[in-house]
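**Q** Quick one: structure below, then a few questions.
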Amino acid sequence: MAPARIALAAALVVVATALQVTVPAQLGLPGATPDVVLLVVVALALAHGPGFGLATGFSAGLLLDVVPPAAHEIGRWALVLTLVGYLAGLARLDTRRSVVVPLIVVAAASAGSLLAYAGLGALIGDPSVTWARVDELMPTAVLYDVVLSAFVLPGVLTLVQRAEPDQVAFP
Amino acid sequence: MNHDGRRARLLLALLLVTSVALIAIDNRGGSQSPLAGLRSAAAAAFGPVERVAAAVASPVGDAVHSMGSLGNDKARADRLAARNQSLLRELRTTTLDRNRVAELDRLLHLAGAGRYRIVPARVIAVGSAQSFAWTVTLDAGSHDGLRPDMTVVNGDGLVGRVTTVGPTTATVLLAVDPESSVGARLEATMQVGFTTGQGVSTGSGLDLQLLDSQSTVSPGDRLVTFGSQGAAPYVPGVPIGRVVSVQGTPGSQTRSAVVKPFVDFTALDLVGVVVEPPRRDPRDAVLPPAPSSAPAPVVTVTVTAAPH
C-alpha cells in the first residue's frame, strides 16, 4: 500500500473525527448525529476495496472509541466500522456502473452501523440501548448521512485521485 | 484478485477478534479498566485537536449564516459588502456575548447560593447520538484543577459528573444518561431517592425512584441532589428538576416518578465544575423561590414580657 494513500486516509479520519464531535455541538440538529467518520470510511472503502476499507474502519472506530467524550467500551465502534469498511469495499466494482450505488451503500452503512452498534450494546448489557431509541434515531441517521454523502464522497474521491493520479478510482 | 480477497478476509477476522477482545477487557473493568490509560492518553493527545476544531467551527457556522449575495465585482460594492458583513458579524457576536454573560451570571448566582467553588468551562464537543451515551467534553482539565467524580452544574442546576480528565479537557457524563444515577431529595418532604436518565431525547428526562414506598410525591415537587458520601461525585443541594408525573400505586414496592430536569441538555454551553464542595449542606437554598400559588403564610409574632 502506498504511503501517500495511508497518510491521506489517516488525515481524513482525524479531521472527520474532530468535526464530528465539535460541529454538531454548534448546530444542534434534532435526532441523530451526522456520521462524518462513517462516510469517510465508506468513501475510502469504495475507492480502495475491502482490505483497505476494513483497515481504515478499524482505525477510525478505535479513534472514536477513545477520544473524548467517548464513554462506551473501547472496541465497539472499531468492530462495527471494520465490518462497514469491508462490506462497502466489496461494493467497489459496482460503483463504476452507477451513481445510485454509492448512495445505497451509504444508506445501508448508516442503518447497518446503527443496528450493529445497538445490537452489540444489547449483547454486553448497555442499559442505554432500547428499541425506542434505535427507532427514534434511524430516520434522521440515514437522512443526514445520505445528504452529507453528496459532499463527502466526491470530496474524498477527488483527494484520493489527486494523491494517486495514476490510479483511477472512480469514473 | 483471489489472493487479495483471502488476505482481506484474514485481516477482517483478525481485526474483528481484536475488537471483541478490547470490548471484553474494557467491559469487565469499568472505570478501573486496564484500558482507562488509553482513554486518558487519547484525551491528552486529541483534546487540543478538539479545542482547535471547536474554535474553528463557530466562526464557520457564522460565515455560513452570513453568506449572502456579493453583487457585481465593482471594488466599491465589494468593500461595502465586506464592511457590512463584518458589522453583521460583530452584531451577532455581541448577541452571543450577551447570552454568555447572562449564562455566567446565573452560574455564579447558583454557585454563590450553594457556596460551591466552581471552575467555569465551555462545552466543546458532544458525543454522537448513535453512541447511545450522553456525554460532552469541556475545555478545562487537570491543569485547571479538575479531577474525576466532580459535580458539573450550570445556572439552572445539575448537569452531570466528570468521568475522564485530560490535561486540558474533561469528559462529563450527563445526568440524562441511563448509566447516571444521582441521589436526590424532595424539596418539601425531605424524602430521598435516586434519579436515572431515561435515555430518550423526546422523553421528559429522568426517572425518580423513591426509597420509601409510603412517600407522598406529587407533580410539581422539586428535587435537589442528596449529596454523595464525601461530596463525590455529587455535592449536596444542586437543583435537579421538577416532578411531572407519578407512577405506581401507594403500597407497591417502590414509588417512581418522572422528573423534568431544570437544565436544557440540548443547549449546553457554559457550565461550572464544583472543585470544592460547600462546608454545610445548602439544603434547598439553591432552588429559586417557589412560585407563589399557595397563599402566603401569616406570620404571627407573640411577644411576652421576659421575667427578670
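Order determines the names: the first chain of the C-alpha cells is A, the second B, and so forth; residues in each chain are numbered 1 upward, and ligands are numbered 1 upward as they are shown.
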Please provide the set of residues having any atom within 6 Å of stretch 77-84 of chain A, restricted to only C-alpha atoms, with same-chain residues fewer than 5 positions apart removed, written as number ranges by chain.
**A** A: 54, 57-58, 61-62; B: 16, 19
**Q** With 8 Å as the limit and counting only C-alpha atoms, what residues in chain A lie close to chain B? Please list them as number ranges by chain.
**A** A: 18-28, 31-33, 50-51, 54-55, 58, 66-76, 78-79, 82-83, 86, 114, 117-118, 124, 127-129, 132-133, 137
**Q** Would you mind writing down, as an MDAnalysis selection string, each residue of stretch 2-154 of chain A that DSSP on the backbone assigns to alpha helix (DSSP H)?
**A** chainID A and resid 3:27 36:48 50:66 76:90 92:95 100:123 131:154
**Q** Atoms to include: C-alpha atoms. Write the selected residues as a compact mmCIF listing (two decimals), in the first residue's frame.
**A**
# COMPACT_ATOMS: atom_id res chain seq x y z
CA PRO A 3 2.41 5.62 1.92
CA ALA A 4 0.55 8.56 0.35
CA ARG A 5 -2.65 6.54 0.46
CA ILE A 6 -2.23 5.74 4.15
CA ALA A 7 -1.24 9.30 5.06
CA LEU A 8 -4.28 10.73 3.29
CA ALA A 9 -6.60 8.20 4.96
CA ALA A 10 -5.14 8.96 8.40
CA ALA A 11 -5.51 12.71 7.89
CA LEU A 12 -9.11 12.35 6.67
CA VAL A 13 -10.06 10.14 9.61
CA VAL A 14 -8.58 12.54 12.19
CA VAL A 15 -10.26 15.58 10.62
CA ALA A 16 -13.59 13.74 10.34
CA THR A 17 -13.43 12.67 13.99
CA ALA A 18 -12.66 16.20 15.19
CA LEU A 19 -15.50 17.62 13.07
CA GLN A 20 -17.99 15.01 14.14
CA VAL A 21 -17.71 15.75 17.87
CA THR A 22 -17.42 19.55 17.63
CA VAL A 23 -19.63 20.79 14.77
CA PRO A 24 -22.95 19.18 15.79
CA ALA A 25 -22.43 20.90 19.16
CA GLN A 26 -22.78 24.20 17.26
CA LEU A 27 -25.68 23.15 15.06
CA VAL A 36 -18.79 12.06 9.02
CA VAL A 37 -16.38 9.33 10.11
CA LEU A 38 -18.65 6.62 8.68
CA LEU A 39 -18.81 8.50 5.35
CA VAL A 40 -15.02 8.81 5.16
CA VAL A 41 -14.66 5.07 5.84
CA VAL A 42 -17.25 4.26 3.16
CA ALA A 43 -15.61 6.63 0.65
CA LEU A 44 -12.13 5.17 1.18
CA ALA A 45 -13.51 1.63 1.02
CA LEU A 46 -15.26 2.43 -2.26
CA ALA A 47 -12.01 3.86 -3.60
CA HIS A 48 -9.61 1.15 -2.48
CA PRO A 50 -12.39 -4.28 1.14
CA GLY A 51 -8.87 -4.74 2.55
CA PHE A 52 -8.10 -1.05 2.82
CA GLY A 53 -11.72 -0.37 3.84
CA LEU A 54 -11.66 -2.63 6.84
CA ALA A 55 -8.25 -1.40 8.00
CA THR A 56 -9.49 2.20 7.77
CA GLY A 57 -12.71 1.24 9.51
CA PHE A 58 -10.88 -0.40 12.38
CA SER A 59 -8.53 2.56 12.90
CA ALA A 60 -11.32 5.13 12.67
CA GLY A 61 -13.52 3.10 15.03
CA LEU A 62 -10.73 2.74 17.55
CA LEU A 63 -10.17 6.51 17.45
CA LEU A 64 -13.90 7.14 18.01
CA ASP A 65 -13.77 4.70 20.93
CA VAL A 66 -11.07 6.58 22.84
CA ARG A 76 -17.44 -1.15 19.90
CA TRP A 77 -17.08 1.31 17.04
CA ALA A 78 -13.90 -0.46 15.93
CA LEU A 79 -15.85 -3.68 15.40
CA VAL A 80 -18.78 -2.00 13.65
CA LEU A 81 -16.67 0.17 11.33
CA THR A 82 -14.38 -2.76 10.44
CA LEU A 83 -17.46 -4.55 9.10
CA VAL A 84 -18.71 -1.39 7.37
CA GLY A 85 -15.32 -0.85 5.68
CA TYR A 86 -15.13 -4.43 4.48
CA LEU A 87 -18.69 -4.62 3.14
CA ALA A 88 -18.54 -1.18 1.48
CA GLY A 89 -15.26 -2.24 -0.13
CA LEU A 90 -16.97 -5.27 -1.67
CA ARG A 92 -16.40 -1.09 -5.13
CA LEU A 93 -16.79 -2.63 -8.57
CA ASP A 94 -20.50 -1.82 -8.74
CA THR A 95 -19.91 1.88 -8.12
CA VAL A 100 -27.03 5.37 -7.28
CA VAL A 101 -24.94 2.51 -5.87
CA PRO A 102 -22.79 4.72 -3.58
CA LEU A 103 -25.96 6.28 -2.14
CA ILE A 104 -27.40 2.83 -1.45
CA VAL A 105 -24.12 1.81 0.16
CA VAL A 106 -24.19 4.91 2.38
CA ALA A 107 -27.81 4.34 3.43
CA ALA A 108 -27.10 0.67 4.18
CA ALA A 109 -23.91 1.55 6.07
CA SER A 110 -25.73 4.19 8.12
CA ALA A 111 -28.63 1.94 9.08
CA GLY A 112 -26.43 -1.13 9.45
CA SER A 113 -23.89 0.58 11.71
CA LEU A 114 -26.63 1.90 13.99
CA LEU A 115 -28.22 -1.55 14.26
CA ALA A 116 -24.89 -3.32 14.72
CA TYR A 117 -23.72 -0.87 17.39
CA ALA A 118 -27.05 -1.12 19.22
CA GLY A 119 -27.13 -4.92 18.93
CA LEU A 120 -23.60 -5.15 20.28
CA GLY A 121 -24.63 -2.85 23.15
CA ALA A 122 -27.63 -5.03 23.96
CA LEU A 123 -25.36 -8.08 23.92
CA TRP A 131 -35.55 -0.22 20.63
CA ALA A 132 -37.43 3.00 21.17
CA ARG A 133 -34.16 4.90 20.93
CA VAL A 134 -33.00 2.98 17.83
CA ASP A 135 -36.35 3.70 16.23
CA GLU A 136 -36.02 7.36 17.06
CA LEU A 137 -32.51 7.68 15.63
CA MET A 138 -32.86 5.57 12.47
CA PRO A 139 -34.68 8.00 10.11
CA THR A 140 -32.51 11.04 10.84
CA ALA A 141 -29.30 8.98 10.88
CA VAL A 142 -29.91 7.70 7.35
CA LEU A 143 -31.23 11.05 6.10
CA TYR A 144 -28.28 13.10 7.39
CA ASP A 145 -25.71 10.60 6.14
CA VAL A 146 -27.19 10.33 2.64
CA VAL A 147 -27.43 14.13 2.29
CA LEU A 148 -23.93 14.67 3.64
CA SER A 149 -22.51 11.91 1.41
CA ALA A 150 -23.31 14.06 -1.64
CA PHE A 151 -20.48 16.34 -0.46
CA VAL A 152 -18.16 13.99 1.43
CA LEU A 153 -17.95 11.17 -1.15
CA PRO A 154 -16.94 13.29 -4.17
**Q** Provide the atom CA of B:Asn84 to atom CA of B:Val101 distance in Å, to one decimal place.
**A** 25.5 Å
**Q** For each of B:Thr254, B:Asn154, B:Pro236, B:Gly160, take the minimum atom-to-atom distance to B:Ala184, counting only C-alpha atoms, then give the residue where this is smallest.
**A** B:Pro236
